[in-house]
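Colleague: Take this structure, written in structure tokens, and hold onto it; I'll ask about it next.
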Number of protein chains: 2
Amino acid sequence: MELYAERGFEQTTVAEIAERAGLTERTFFRHYADKREVLFGGADQLNELLVNAVAYAPEAATPLEAVATGLEAVGALLQGRREFARRRQAIISANPQLQERELIKLASLAGAIAEVLRARGVAGALAGLTGELAMAVFKAAFEQWVEQADERELPQVIRESFEEMRALSTPRRQTAPARRRRAAAR
Amino acid sequence: MELYAERGFEQTTVAEIAERAGLTERTFFRHYADKREVLFGGADQLNELLVNAVAYAPEAATPLEAVATGLEAVGALLQGRREFARRRQAIISANPQLQERELIKLASLAGAIAEVLRARGVAGALAGLTGELAMAVFKAAFEQWVEQADERELPQVIRESFEEMRALSTPRRQTAPARRRRAAAR
DNA sequence: GCAAGTGATGACAGTTGCTGTCATCAAGTT
DNA sequence: AACTTGATGACAGCAACTGTCATCACTTGC
């Protein structure tokens with residue numbers, strides 16, 4: 001992360017990383033599948049935490065409620081590490097290759113959620129959709145949390161994002177948002 | 001696509017592609033940024049179509065309705081090319097690198113949607129969330145459409161997926177899904 | 001207390017994706 | 001006919017990864 005932050009991801013060579021870490025290039029690749037994976041080590045724990053939280057959500061919970069439970073558990077885990085998350089995210093945002101890797105990790109989470117939901121008796125297609133929706137909410141919430149300077153913590157932002165999603169889905173009772181004018185097509 | 005289908009993406013070298021196409025490896029890279037990009041040529045047109053449809057949706061439409069309009073336009077475009085989509089998707093599903101590329105294209109679409117929504121006067125965070133939700137619905141719908149053998153066409157599957165999302169978001173009026181038992185944690 | 005296995009590391013060598021650079025050549029322009 | 005322009009080929013070169021073998025510390029069974 002030091003090197004990636006100093007000179008950028010692409011400008012950093014694996015040889016340099018290995019040198020600073022005091023080992024061989026070959027050894028680096030024994031620990032990390034590729035150059036990007038260094039930044040995504042914790043994904044497995046996150047996956048497990050999320051899956052467990054969804055699996056053990058109250059039986060009475062609807063699919064969306066169960067998933068919300070899981071995301072808040074993840075939020076609680078990340079909540080203390082905001083500065084770290086910010087630094088990490090700055091590196092990722094600066095490089096498309098890293099964004100790709102992050103996206104496939106999130107997609108994998110969506111798949112895991114869908115699987116657990118099916119084990120809970122949710123129909124296949126609905127479980128898949130719910131998994132995708134969950135990651136959509138998480139992505140939006142996480143982005144807000146990282147960008148904002150104010151006091152809201154991640155679990156709260158996640159809860160509010162779920163609320164916004166519900167509000168979006170029931171437009172009739174919602175106060176109409178201010179719409180200005182049409183976008184100019186390019 | 002022929003070569004990727006024949007022997008797999010990773011087992012295909014750019015030299016082989018160039019040879020079959022009757023040109024040089026160097027020329028290949030002048031037309032495609034990298035080996036994966038070959039499969040994602042139409043993304044720009046898709047982007048434009050989607051953005052325009054959202055931009056010119058009725059002013060009275062809520063954000064979600066505007067976005068649904070856009071997705072159905074995309075669905076209408078793809079609708080005739082189901083067999084092609086299937087072949088393409090089989091190749092992509094078989095390789096993580098290609099999935100990463102696909103995911104970042106979809107994320108880019110989500111970003112474009114968010115931008116257009118902001119131009120329509122939707123608040124920043126809400127626009128971002130809506131963009132992500134739209135791609136979540138699209139991904140789930142597209143997967144169903146490609147996998148299924150039955151008669152439903154893509155725009156219809158998209159509409160139904162939006163309906164399912166609304167149903168998920170208003171659990172009280174919904175008949176409770178059959179829940180069997182908790183998933184075993186691994 | 002020693003031999004045998006085990007797992008992590010180093011040391012190469014090799015493949016492949018991708019880039020920079022220059023020459024060539026066809027086609028249109030003045 | 002000279003001149004630009006755009007696409008292509010022909011190298012050369014870098015860096016990410018992989019296969020393979022030797023080494024070496026550490027454990028384990030006897």
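Chain labels follow the order of the structure tokens: the first chain is A, the next B, and so on; residue numbering restarts at 1 in every chain, and ligands are counted from 1 in their shown order.
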Mind checking which residues fall within 10 Å of segment 156-165 of chain A, counting only C-alpha atoms (C1' of nucleotides), ignoring those fewer than 5 positions away in the same chain, and posting them as a PyMOL selection string?

Modeller: (chain A and resi 64-65+68-69+71-72+74-76+133-134+136-145+170) or (chain B and resi 64+125-126+129-130+133+165-166+169)

Colleague: With C-alpha atoms kept, could you save the residues just selected as a PDB file, in the first residue's frame?

Modeller:
ATOM      1  CA  LEU A  64     -34.388  -7.927   2.451  1.00  0.00           C
ATOM      2  CA  GLU A  65     -34.401  -7.683   6.230  1.00  0.00           C
ATOM      3  CA  ALA A  68     -29.866  -5.733   5.814  1.00  0.00           C
ATOM      4  CA  THR A  69     -28.828  -7.493   9.006  1.00  0.00           C
ATOM      5  CA  LEU A  71     -24.752  -5.598   5.740  1.00  0.00           C
ATOM      6  CA  GLU A  72     -24.997  -3.863   9.077  1.00  0.00           C
ATOM      7  CA  VAL A  74     -20.219  -5.735   7.838  1.00  0.00           C
ATOM      8  CA  GLY A  75     -20.706  -2.050   8.495  1.00  0.00           C
ATOM      9  CA  ALA A  76     -19.989  -2.572  12.164  1.00  0.00           C
ATOM     10  CA  LEU A 133     -29.703  -5.253  -4.687  1.00  0.00           C
ATOM     11  CA  ALA A 134     -27.846  -5.739  -1.437  1.00  0.00           C
ATOM     12  CA  ALA A 136     -25.981  -2.031  -4.846  1.00  0.00           C
ATOM     13  CA  VAL A 137     -27.064  -0.575  -1.532  1.00  0.00           C
ATOM     14  CA  PHE A 138     -23.748  -1.399   0.050  1.00  0.00           C
ATOM     15  CA  LYS A 139     -21.732   0.192  -2.720  1.00  0.00           C
ATOM     16  CA  ALA A 140     -23.748   3.392  -2.568  1.00  0.00           C
ATOM     17  CA  ALA A 141     -23.588   3.528   1.220  1.00  0.00           C
ATOM     18  CA  PHE A 142     -19.891   2.733   1.391  1.00  0.00           C
ATOM     19  CA  GLU A 143     -19.097   5.433  -1.121  1.00  0.00           C
ATOM     20  CA  GLN A 144     -21.015   7.996   0.904  1.00  0.00           C
ATOM     21  CA  TRP A 145     -19.358   6.910   4.114  1.00  0.00           C
ATOM     22  CA  THR A 170     -43.021   3.343  -3.459  1.00  0.00           C
TER      23      THR A 170
ATOM     24  CA  LEU B  64     -36.851   4.700 -10.792  1.00  0.00           C
ATOM     25  CA  ALA B 125     -26.483  10.367  -3.240  1.00  0.00           C
ATOM     26  CA  LEU B 126     -29.933   9.278  -4.311  1.00  0.00           C
ATOM     27  CA  LEU B 129     -27.992   4.681  -5.326  1.00  0.00           C
ATOM     28  CA  THR B 130     -30.543   4.571  -8.134  1.00  0.00           C
ATOM     29  CA  LEU B 133     -30.018  -0.393  -8.144  1.00  0.00           C
ATOM     30  CA  MET B 165     -37.759  -5.223  -6.310  1.00  0.00           C
ATOM     31  CA  ARG B 166     -40.811  -3.185  -5.362  1.00  0.00           C
ATOM     32  CA  SER B 169     -39.240  -3.327  -0.523  1.00  0.00           C
TER      33      SER B 169
END

Colleague: Would you mind aligning chain A to chain B, a least-squares fit over all C-alpha atoms taken in order, and returning the superposed chain as a PDB file with C-alpha atoms, in the first residue's frame?

Modeller:
ATOM      1  CA  MET A   1     -14.919 -15.111 -30.204  1.00  0.00           C
ATOM      2  CA  GLU A   2     -14.277 -18.225 -32.286  1.00  0.00           C
ATOM      3  CA  LEU A   3     -10.928 -18.810 -30.662  1.00  0.00           C
ATOM      4  CA  TYR A   4     -12.153 -17.976 -27.189  1.00  0.00           C
ATOM      5  CA  ALA A   5     -14.986 -20.438 -27.612  1.00  0.00           C
ATOM      6  CA  GLU A   6     -12.779 -23.143 -29.111  1.00  0.00           C
ATOM      7  CA  ARG A   7      -9.943 -23.283 -26.648  1.00  0.00           C
ATOM      8  CA  GLY A   8     -10.887 -20.847 -23.901  1.00  0.00           C
ATOM      9  CA  PHE A   9      -9.861 -17.264 -23.247  1.00  0.00           C
ATOM     10  CA  GLU A  10      -6.602 -17.843 -21.397  1.00  0.00           C
ATOM     11  CA  GLN A  11      -5.465 -20.554 -23.754  1.00  0.00           C
ATOM     12  CA  THR A  12      -5.830 -18.210 -26.672  1.00  0.00           C
ATOM     13  CA  THR A  13      -2.834 -16.030 -27.449  1.00  0.00           C
ATOM     14  CA  VAL A  14      -3.010 -12.664 -29.137  1.00  0.00           C
ATOM     15  CA  ALA A  15      -0.620 -13.956 -31.771  1.00  0.00           C
ATOM     16  CA  GLU A  16      -3.193 -16.600 -32.692  1.00  0.00           C
ATOM     17  CA  ILE A  17      -5.983 -14.057 -32.899  1.00  0.00           C
ATOM     18  CA  ALA A  18      -3.867 -11.806 -35.077  1.00  0.00           C
ATOM     19  CA  GLU A  19      -2.953 -14.689 -37.335  1.00  0.00           C
ATOM     20  CA  ARG A  20      -6.538 -15.785 -37.865  1.00  0.00           C
ATOM     21  CA  ALA A  21      -7.579 -12.198 -38.503  1.00  0.00           C
ATOM     22  CA  GLY A  22      -4.744 -11.807 -40.977  1.00  0.00           C
ATOM     23  CA  LEU A  23      -2.890  -9.021 -39.285  1.00  0.00           C
ATOM     24  CA  THR A  24      -0.107  -8.295 -36.852  1.00  0.00           C
ATOM     25  CA  GLU A  25      -0.177  -8.593 -33.107  1.00  0.00           C
ATOM     26  CA  ARG A  26       0.744  -4.919 -32.918  1.00  0.00           C
ATOM     27  CA  THR A  27      -2.210  -3.996 -35.058  1.00  0.00           C
ATOM     28  CA  PHE A  28      -4.541  -5.947 -32.827  1.00  0.00           C
ATOM     29  CA  PHE A  29      -3.546  -3.744 -29.929  1.00  0.00           C
ATOM     30  CA  ARG A  30      -4.201  -0.664 -32.010  1.00  0.00           C
ATOM     31  CA  HIS A  31      -7.828  -1.704 -32.327  1.00  0.00           C
ATOM     32  CA  TYR A  32      -8.364  -3.139 -28.865  1.00  0.00           C
ATOM     33  CA  ALA A  33      -6.886  -1.809 -25.658  1.00  0.00           C
ATOM     34  CA  ASP A  34      -6.315  -5.341 -24.452  1.00  0.00           C
ATOM     35  CA  LYS A  35      -7.152  -8.954 -25.073  1.00  0.00           C
ATOM     36  CA  ARG A  36     -10.465  -8.754 -23.230  1.00  0.00           C
ATOM     37  CA  GLU A  37     -11.822  -5.680 -24.883  1.00  0.00           C
ATOM     38  CA  VAL A  38     -12.666  -7.650 -28.019  1.00  0.00           C
ATOM     39  CA  LEU A  39     -15.814  -8.876 -26.339  1.00  0.00           C
ATOM     40  CA  PHE A  40     -17.001  -5.472 -25.150  1.00  0.00           C
ATOM     41  CA  GLY A  41     -17.077  -3.402 -28.287  1.00  0.00           C
ATOM     42  CA  GLY A  42     -20.761  -2.538 -28.178  1.00  0.00           C
ATOM     43  CA  ALA A  43     -20.641  -1.069 -24.679  1.00  0.00           C
ATOM     44  CA  ASP A  44     -20.450   2.515 -25.879  1.00  0.00           C
ATOM     45  CA  GLN A  45     -23.600   2.303 -27.971  1.00  0.00           C
ATOM     46  CA  LEU A  46     -25.383   0.662 -25.086  1.00  0.00           C
ATOM     47  CA  ASN A  47     -24.266   3.469 -22.820  1.00  0.00           C
ATOM     48  CA  GLU A  48     -25.515   6.119 -25.195  1.00  0.00           C
ATOM     49  CA  LEU A  49     -28.864   4.424 -25.725  1.00  0.00           C
ATOM     50  CA  LEU A  50     -29.398   4.033 -22.016  1.00  0.00           C
ATOM     51  CA  VAL A  51     -28.377   7.567 -21.131  1.00  0.00           C
ATOM     52  CA  ASN A  52     -30.583   9.072 -23.806  1.00  0.00           C
ATOM     53  CA  ALA A  53     -33.577   7.026 -22.781  1.00  0.00           C
ATOM     54  CA  VAL A  54     -33.210   8.147 -19.183  1.00  0.00           C
ATOM     55  CA  ALA A  55     -32.581  11.757 -20.159  1.00  0.00           C
ATOM     56  CA  TYR A  56     -35.679  11.940 -22.320  1.00  0.00           C
ATOM     57  CA  ALA A  57     -38.014   9.991 -20.079  1.00  0.00           C
ATOM     58  CA  PRO A  58     -41.197  11.938 -19.236  1.00  0.00           C
ATOM     59  CA  GLU A  59     -40.535  14.759 -16.811  1.00  0.00           C
ATOM     60  CA  ALA A  60     -43.213  13.413 -14.516  1.00  0.00           C
ATOM     61  CA  ALA A  61     -41.398  10.099 -14.183  1.00  0.00           C
ATOM     62  CA  THR A  62     -39.795   9.286 -10.842  1.00  0.00           C
ATOM     63  CA  PRO A  63     -36.082   8.404 -10.879  1.00  0.00           C
ATOM     64  CA  LEU A  64     -36.868   4.720 -10.803  1.00  0.00           C
ATOM     65  CA  GLU A  65     -39.418   5.013 -13.586  1.00  0.00           C
ATOM     66  CA  ALA A  66     -36.996   6.967 -15.745  1.00  0.00           C
ATOM     67  CA  VAL A  67     -34.333   4.343 -15.219  1.00  0.00           C
ATOM     68  CA  ALA A  68     -36.782   1.547 -15.951  1.00  0.00           C
ATOM     69  CA  THR A  69     -37.537   3.243 -19.255  1.00  0.00           C
ATOM     70  CA  GLY A  70     -33.853   3.232 -20.086  1.00  0.00           C
ATOM     71  CA  LEU A  71     -33.339  -0.396 -19.197  1.00  0.00           C
ATOM     72  CA  GLU A  72     -36.285  -1.461 -21.294  1.00  0.00           C
ATOM     73  CA  ALA A  73     -34.785   0.391 -24.231  1.00  0.00           C
ATOM     74  CA  VAL A  74     -31.602  -1.587 -23.728  1.00  0.00           C
ATOM     75  CA  GLY A  75     -33.657  -4.735 -23.394  1.00  0.00           C
ATOM     76  CA  ALA A  76     -35.375  -4.007 -26.676  1.00  0.00           C
ATOM     77  CA  LEU A  77     -32.019  -3.632 -28.390  1.00  0.00           C
ATOM     78  CA  LEU A  78     -30.673  -6.929 -27.102  1.00  0.00           C
ATOM     79  CA  GLN A  79     -33.892  -8.812 -27.477  1.00  0.00           C
ATOM     80  CA  GLY A  80     -33.262 -10.090 -30.990  1.00  0.00           C
ATOM     81  CA  ARG A  81     -29.759 -11.315 -30.264  1.00  0.00           C
ATOM     82  CA  ARG A  82     -30.414 -13.918 -27.658  1.00  0.00           C
ATOM     83  CA  GLU A  83     -28.314 -16.645 -29.181  1.00  0.00           C
ATOM     84  CA  PHE A  84     -25.394 -14.308 -29.644  1.00  0.00           C
ATOM     85  CA  ALA A  85     -25.761 -13.106 -26.063  1.00  0.00           C
ATOM     86  CA  ARG A  86     -25.782 -16.691 -24.872  1.00  0.00           C
ATOM     87  CA  ARG A  87     -22.582 -17.600 -26.668  1.00  0.00           C
ATOM     88  CA  ARG A  88     -20.874 -14.444 -25.497  1.00  0.00           C
ATOM     89  CA  GLN A  89     -22.018 -14.932 -21.933  1.00  0.00           C
ATOM     90  CA  ALA A  90     -20.811 -18.516 -21.898  1.00  0.00           C
ATOM     91  CA  ILE A  91     -17.312 -17.315 -22.743  1.00  0.00           C
ATOM     92  CA  ILE A  92     -17.419 -14.572 -20.130  1.00  0.00           C
ATOM     93  CA  SER A  93     -18.800 -16.836 -17.425  1.00  0.00           C
ATOM     94  CA  ALA A  94     -15.934 -19.232 -17.983  1.00  0.00           C
ATOM     95  CA  ASN A  95     -13.277 -16.657 -17.135  1.00  0.00           C
ATOM     96  CA  PRO A  96     -12.832 -14.322 -14.150  1.00  0.00           C
ATOM     97  CA  GLN A  97     -10.795 -11.764 -16.086  1.00  0.00           C
ATOM     98  CA  LEU A  98     -13.665 -11.319 -18.501  1.00  0.00           C
ATOM     99  CA  GLN A  99     -16.155 -11.101 -15.662  1.00  0.00           C
ATOM    100  CA  GLU A 100     -14.100  -8.300 -14.170  1.00  0.00           C
ATOM    101  CA  ARG A 101     -14.210  -6.421 -17.414  1.00  0.00           C
ATOM    102  CA  GLU A 102     -17.943  -6.905 -17.716  1.00  0.00           C
ATOM    103  CA  LEU A 103     -18.502  -5.694 -14.184  1.00  0.00           C
ATOM    104  CA  ILE A 104     -16.577  -2.494 -14.707  1.00  0.00           C
ATOM    105  CA  LYS A 105     -18.580  -1.810 -17.853  1.00  0.00           C
ATOM    106  CA  LEU A 106     -21.780  -2.212 -15.899  1.00  0.00           C
ATOM    107  CA  ALA A 107     -20.430  -0.027 -13.116  1.00  0.00           C
ATOM    108  CA  SER A 108     -19.650   2.585 -15.702  1.00  0.00           C
ATOM    109  CA  LEU A 109     -23.265   2.389 -16.858  1.00  0.00           C
ATOM    110  CA  ALA A 110     -24.407   2.863 -13.269  1.00  0.00           C
ATOM    111  CA  GLY A 111     -22.262   5.953 -13.060  1.00  0.00           C
ATOM    112  CA  ALA A 112     -23.669   7.325 -16.308  1.00  0.00           C
ATOM    113  CA  ILE A 113     -27.201   6.775 -15.066  1.00  0.00           C
ATOM    114  CA  ALA A 114     -26.419   8.588 -11.846  1.00  0.00           C
ATOM    115  CA  GLU A 115     -25.028  11.511 -13.794  1.00  0.00           C
ATOM    116  CA  VAL A 116     -28.104  11.835 -15.979  1.00  0.00           C
ATOM    117  CA  LEU A 117     -30.367  11.618 -12.976  1.00  0.00           C
ATOM    118  CA  ARG A 118     -28.486  14.460 -11.352  1.00  0.00           C
ATOM    119  CA  ALA A 119     -29.024  16.483 -14.504  1.00  0.00           C
ATOM    120  CA  ARG A 120     -32.709  15.744 -13.995  1.00  0.00           C
ATOM    121  CA  GLY A 121     -32.520  17.290 -10.555  1.00  0.00           C
ATOM    122  CA  VAL A 122     -32.182  14.161  -8.441  1.00  0.00           C
ATOM    123  CA  ALA A 123     -30.002  14.638  -5.376  1.00  0.00           C
ATOM    124  CA  GLY A 124     -26.450  13.303  -5.664  1.00  0.00           C
ATOM    125  CA  ALA A 125     -26.487  10.396  -3.247  1.00  0.00           C
ATOM    126  CA  LEU A 126     -29.947   9.293  -4.328  1.00  0.00           C
ATOM    127  CA  ALA A 127     -28.892   9.380  -7.959  1.00  0.00           C
ATOM    128  CA  GLY A 128     -25.885   7.219  -7.165  1.00  0.00           C
ATOM    129  CA  LEU A 129     -28.012   4.688  -5.331  1.00  0.00           C
ATOM    130  CA  THR A 130     -30.557   4.585  -8.125  1.00  0.00           C
ATOM    131  CA  GLY A 131     -27.832   3.926 -10.677  1.00  0.00           C
ATOM    132  CA  GLU A 132     -26.532   0.999  -8.664  1.00  0.00           C
ATOM    133  CA  LEU A 133     -30.019  -0.382  -8.138  1.00  0.00           C
ATOM    134  CA  ALA A 134     -30.709  -0.148 -11.841  1.00  0.00           C
ATOM    135  CA  MET A 135     -27.663  -2.202 -12.701  1.00  0.00           C
ATOM    136  CA  ALA A 136     -28.546  -4.702  -9.990  1.00  0.00           C
ATOM    137  CA  VAL A 137     -31.942  -5.216 -11.564  1.00  0.00           C
ATOM    138  CA  PHE A 138     -30.447  -5.411 -15.014  1.00  0.00           C
ATOM    139  CA  LYS A 139     -27.851  -7.973 -14.032  1.00  0.00           C
ATOM    140  CA  ALA A 140     -30.436 -10.200 -12.394  1.00  0.00           C
ATOM    141  CA  ALA A 141     -32.838  -9.867 -15.311  1.00  0.00           C
ATOM    142  CA  PHE A 142     -30.179 -10.416 -17.950  1.00  0.00           C
ATOM    143  CA  GLU A 143     -28.965 -13.538 -16.214  1.00  0.00           C
ATOM    144  CA  GLN A 144     -32.476 -14.956 -16.128  1.00  0.00           C
ATOM    145  CA  TRP A 145     -33.063 -14.100 -19.755  1.00  0.00           C
ATOM    146  CA  VAL A 146     -29.856 -15.757 -20.900  1.00  0.00           C
ATOM    147  CA  GLU A 147     -30.299 -18.869 -18.807  1.00  0.00           C
ATOM    148  CA  GLN A 148     -33.937 -19.588 -19.360  1.00  0.00           C
ATOM    149  CA  ALA A 149     -35.217 -21.514 -22.345  1.00  0.00           C
ATOM    150  CA  ASP A 150     -38.775 -20.216 -22.226  1.00  0.00           C
ATOM    151  CA  GLU A 151     -40.545 -17.474 -24.071  1.00  0.00           C
ATOM    152  CA  ARG A 152     -40.162 -14.309 -21.977  1.00  0.00           C
ATOM    153  CA  GLU A 153     -38.260 -11.595 -23.761  1.00  0.00           C
ATOM    154  CA  LEU A 154     -35.741  -9.319 -22.086  1.00  0.00           C
ATOM    155  CA  PRO A 155     -37.835  -6.157 -21.638  1.00  0.00           C
ATOM    156  CA  GLN A 156     -40.508  -8.202 -19.948  1.00  0.00           C
ATOM    157  CA  VAL A 157     -38.023  -9.896 -17.635  1.00  0.00           C
ATOM    158  CA  ILE A 158     -36.677  -6.458 -16.744  1.00  0.00           C
ATOM    159  CA  ARG A 159     -40.158  -5.170 -15.957  1.00  0.00           C
ATOM    160  CA  GLU A 160     -40.870  -8.169 -13.786  1.00  0.00           C
ATOM    161  CA  SER A 161     -37.562  -7.758 -11.970  1.00  0.00           C
ATOM    162  CA  PHE A 162     -38.440  -4.163 -11.167  1.00  0.00           C
ATOM    163  CA  GLU A 163     -41.746  -5.437  -9.846  1.00  0.00           C
ATOM    164  CA  GLU A 164     -39.964  -7.961  -7.666  1.00  0.00           C
ATOM    165  CA  MET A 165     -37.757  -5.229  -6.314  1.00  0.00           C
ATOM    166  CA  ARG A 166     -40.803  -3.184  -5.370  1.00  0.00           C
ATOM    167  CA  ALA A 167     -42.371  -6.215  -3.758  1.00  0.00           C
ATOM    168  CA  LEU A 168     -39.199  -6.886  -1.773  1.00  0.00           C
ATOM    169  CA  SER A 169     -39.223  -3.321  -0.519  1.00  0.00           C
ATOM    170  CA  THR A 170     -42.816  -3.461   0.781  1.00  0.00           C
ATOM    171  CA  PRO A 171     -42.828  -6.691   2.753  1.00  0.00           C
ATOM    172  CA  ARG A 172     -46.002  -6.031   4.722  1.00  0.00           C
ATOM    173  CA  ARG A 173     -48.451  -6.494   1.885  1.00  0.00           C
ATOM    174  CA  GLN A 174     -46.600  -9.387   0.412  1.00  0.00           C
ATOM    175  CA  THR A 175     -47.450 -13.005   1.075  1.00  0.00           C
ATOM    176  CA  ALA A 176     -44.654 -14.376   3.203  1.00  0.00           C
ATOM    177  CA  PRO A 177     -42.281 -16.573   1.199  1.00  0.00           C
ATOM    178  CA  ALA A 178     -41.868 -20.141   2.348  1.00  0.00           C
ATOM    179  CA  ARG A 179     -38.859 -20.314   4.614  1.00  0.00           C
ATOM    180  CA  ARG A 180     -37.543 -23.735   5.394  1.00  0.00           C
ATOM    181  CA  ARG A 181     -34.629 -23.762   7.722  1.00  0.00           C
ATOM    182  CA  ARG A 182     -31.480 -21.894   8.444  1.00  0.00           C
ATOM    183  CA  ALA A 183     -28.441 -22.325   6.273  1.00  0.00           C
ATOM    184  CA  ALA A 184     -25.575 -24.259   7.712  1.00  0.00           C
ATOM    185  CA  ALA A 185     -22.626 -21.959   8.280  1.00  0.00           C
ATOM    186  CA  ARG A 186     -19.384 -23.129   6.830  1.00  0.00           C
TER     187      ARG A 186
END

Colleague: Write out as a PyMOL selection string the set of residues from chain A that DSSP, computed on the backbone, places in alpha helix (DSSP H).

Modeller: chain A and resi 2-7+14-21+25-31+43-55+63-78+82-93+96-119+124-147+154-169

Colleague: Residues of chain C within 9 Å of chain A, counting only C-alpha atoms (C1' of nucleotides) - could you list those as a list of chain:residue names?

Modeller: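 Every residue meeting the condition is included here: C:DA8, C:DT9, C:DG10.
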
Colleague: Between atom C1' of DC3 of chain D and atom C1' of DC22 of chain C, what is the distance, to one decimal in Å?

Modeller: 19.6 Å

Colleague: Would you give me, as CSV, each residue of chain C having an atom within 10 Å of an atom of segment 8-21 of chain D, along with its shortest atom pair and that distance in Å to one decimal, using only C-alpha atoms (C1' of nucleotides) and sorting by chain and residue number?

Modeller:
residue,atom,partner,partner_atom,distance
C:DA11,C1',D:DC21,C1',9.0
C:DC12,C1',D:DT20,C1',9.0
C:DA13,C1',D:DG19,C1',9.1
C:DG14,C1',D:DT18,C1',8.5
C:DT15,C1',D:DT18,C1',8.2
C:DT16,C1',D:DC17,C1',8.8
C:DG17,C1',D:DA16,C1',8.3
C:DC18,C1',D:DC14,C1',9.0
C:DT19,C1',D:DC14,C1',8.4
C:DG20,C1',D:DG13,C1',8.7
C:DT21,C1',D:DC11,C1',9.0
C:DC22,C1',D:DA10,C1',9.0
C:DA23,C1',D:DA10,C1',8.4
C:DT24,C1',D:DG9,C1',7.9
C:DC25,C1',D:DT8,C1',8.4
